[in-house]
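**Student:** Take a look at the following structure, please.
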There are 2 protein chains.
Amino acid sequence: MAKIKTSEPGSKKEIIQKVAAALFREKGFRATSMRELAASVGIEAASLYNHIDGKNDLLISICFKVANNFTRKISEVEASDSNMLEKVELLLRFHVHEMVNDYDYVYVSDREWRNMEEPELTRYREMRRLYRRRFTNIVEKGILRGEIKKLDANTAVMIILNSISAVDQWHRIVHKVSAKDLEDNMVSIFIDGLRK
Amino acid sequence: MAKIKTSEPGSKKEIIQKVAAALFREKGFRATSMRELAASVGIEAASLYNHIDGKNDLLISICFKVANNFTRKISEVEASDSNMLEKVELLLRFHVHEMVNDYDYVYVSDREWRNMEEPELTRYREMRRLYRRRFTNIVEKGILRGEIKKLDANTAVMIILNSISAVDQWHRIVHKVSAKDLEDNMVSIFIDGLRK
DNA sequence: GGTGCGGGCTAACGTGTGTTAGTTTTTATA
DNA sequence: TATAAAAACTAACACACGTTAGCCCGCACC
């Protein structure tokens, strides 16, 4: 089975991965050809295979790098002694932060993961499902404790997660308002709503 | 230029379009082959071309059908005499409604439009941009009038639009809570936030 | 100064794709 | 029932794709 190891920073392999993430985001995984990727890196298509195992492994690396990141974070949040509303806020801020700092990777892992092959596809789905479940548990606990208003926790989590999953507008917005303001805006909307 | 006409309901062309929308949603536009589509319809790939112009025209039809729908709706909302917060709510409810009732079409138009070819791609981008702009104007006016709290209107609209753009979870959720409850949950979160 | 090898190259293979051409079958109408 | 149009079929084309095979250059190292 394919290993999901991270290559050391600055290596050619890592460069290829970065360029691939950018292309996959821009045009989609399937719409990006290895010849195109190679040209963007500055070599021939065949030369790519001196560094990587194939197109699918590129996608796998990207997706699991992000998934591991979020899984690690939610464990940390669960272990913290904040109340549930604060935990939601922590996760919200982390999502925005990751999106701003690792746009290509997060976007691709969110929109292109379907193109992975088995068995990684199933494993990824499971990680995703579990993450949502843990997030939902936090919201549900918050409702039980009276910190969060009564609503369907699944819907709430779905909305929150989707709202962050990117559009091409992210960067344009971040250039107008600062990353910090963006975070605060999002938290403000979700915690207290639009109404003045 | 390709015409974006709607075929009469029940026609074979419409059936093909519907099946195509379902497949494009499930597997992505590029990952769906004409042979696969044909098999789903119950004919041979070549036979499709007695009814449609090609793969790209399928995507074009789907995308513009949805885009026209939303453009029509926002004109209607703008013309109504509700206040700005109510207008946001009207649009929110419409988005949820369309997503629930026309899942495949809305999903595909939202996630696969990049695969369109020129000149439709540019035209679609423009429609999308304009829609967001009109939505943003409503929010901005709401802020000026003191109905909506002070925040970056672009961020707010981006969040709202993204939050609705689908996940594979939509249907599962709709089967657990009713479509009406889903709508109310969303409106509640966005208007008044999560806090109790 | 030879040598191993990382990393680039060209050429090509096999496959799957969207689409067309040409033909036959089915359906509707007179 | 005859006939024309609609809609299915088979066969094939041209192309783009991911990937492999085999080669060659230049650099580090004994």
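Letters A, B, ... go to the chains of the structure tokens in the order shown; residues in each chain start at 1; ligands are counted from 1 in the same order.
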Per residue of chain A within 8 Å of chain D, which atom pair is closest and at what distance in Å (one decimal), using only C-alpha atoms (C1' of nucleotides), listed by chain and increasing number, as a tab-separated table?
**Tutor:**
```
residue	atom	partner	partner_atom	distance
A:Ser33	CA	D:DC17	C1'	7.3
A:Met34	CA	D:DG18	C1'	7.4
A:Ala46	CA	D:DT19	C1'	7.9
A:Lys55	CA	D:DG18	C1'	7.8
```
**Student:** Give me, as a ChimeraX atom specification, the residues of chain A touching chain B, with the criterion being at most 9 Å (counting only C-alpha atoms).
**Tutor:** /A:26-28,30-31,85,111,114-115,143,146-152,154-156,158-167,169-170,173,177,181-182,185-186,188-196
**Student:** Quick one: which residues from chain C are at most 8 Å off chain B, using only C-alpha atoms (C1' of nucleotides), as a list in words?
**Tutor:** DT17, DG18 and DT19 of chain C
**Student:** Calculate how many Å separate atom CA of Asn101 of chain A from atom CA of Leu37 of chain A, rounding to one decimal.
**Tutor:**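 If I compute the distance from atom CA of Asn101 of chain A to atom CA of Leu37 of chain A, I get 22.0 Å.
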**Student:** Would you please extract all helix (DSSP H, G or I) residues from segment 34-86 of chain B, as assigned by DSSP on the backbone, and give them as an NGL selection string?
**Tutor:** :B and (34-41 or 45-50 or 55-79 or 84-86)
**Student:** Given the selection you just returned, output its residues as a file containing C-alpha atoms, formatted as a CSV table (one decimal), in the first residue's frame.
**Tutor:**
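Contents of the output file again22.csv:
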```
chain,number,residue,atom,x,y,z
B,34,MET,CA,-20.1,9.4,-22.2
B,35,ARG,CA,-20.2,5.6,-22.3
B,36,GLU,CA,-21.0,5.6,-18.6
B,37,LEU,CA,-23.7,8.2,-19.1
B,38,ALA,CA,-25.2,6.2,-22.0
B,39,ALA,CA,-25.2,3.0,-20.0
B,40,SER,CA,-27.1,4.8,-17.2
B,41,VAL,CA,-29.7,6.0,-19.8
B,45,ALA,CA,-22.8,6.2,-26.3
B,46,ALA,CA,-23.1,7.1,-29.9
B,47,SER,CA,-26.9,7.3,-29.6
B,48,LEU,CA,-26.6,10.1,-27.1
B,49,TYR,CA,-25.7,12.4,-30.0
B,50,ASN,CA,-29.1,12.0,-31.5
B,55,LYS,CA,-20.6,16.6,-23.2
B,56,ASN,CA,-19.8,20.2,-22.8
B,57,ASP,CA,-23.3,21.3,-23.8
B,58,LEU,CA,-24.7,19.1,-21.1
B,59,LEU,CA,-22.6,21.0,-18.5
B,60,ILE,CA,-23.5,24.3,-20.0
B,61,SER,CA,-27.2,23.6,-19.8
B,62,ILE,CA,-27.0,22.4,-16.2
B,63,CYS,CA,-25.0,25.4,-15.1
B,64,PHE,CA,-27.1,28.1,-16.7
B,65,LYS,CA,-30.4,26.6,-15.7
B,66,VAL,CA,-29.3,27.0,-12.1
B,67,ALA,CA,-27.7,30.4,-12.6
B,68,ASN,CA,-30.8,31.8,-14.3
B,69,ASN,CA,-32.9,30.5,-11.4
B,70,PHE,CA,-30.9,32.4,-8.8
B,71,THR,CA,-30.7,35.5,-10.9
B,72,ARG,CA,-34.5,35.5,-11.3
B,73,LYS,CA,-34.9,35.0,-7.6
B,74,ILE,CA,-32.6,37.8,-6.5
B,75,SER,CA,-34.4,40.2,-8.7
B,76,GLU,CA,-37.7,39.2,-7.1
B,77,VAL,CA,-36.2,39.7,-3.6
B,78,GLU,CA,-34.7,43.0,-4.5
B,79,ALA,CA,-38.1,44.2,-5.7
B,84,MET,CA,-32.5,43.9,4.4
B,85,LEU,CA,-32.3,41.2,7.1
B,86,GLU,CA,-35.5,39.7,5.8
```
**Student:** Report the distance between atom CA of His97 of chain A and atom CA of Ala179 of chain A in Å, rounded to one decimal place.
**Tutor:** 7.7 Å
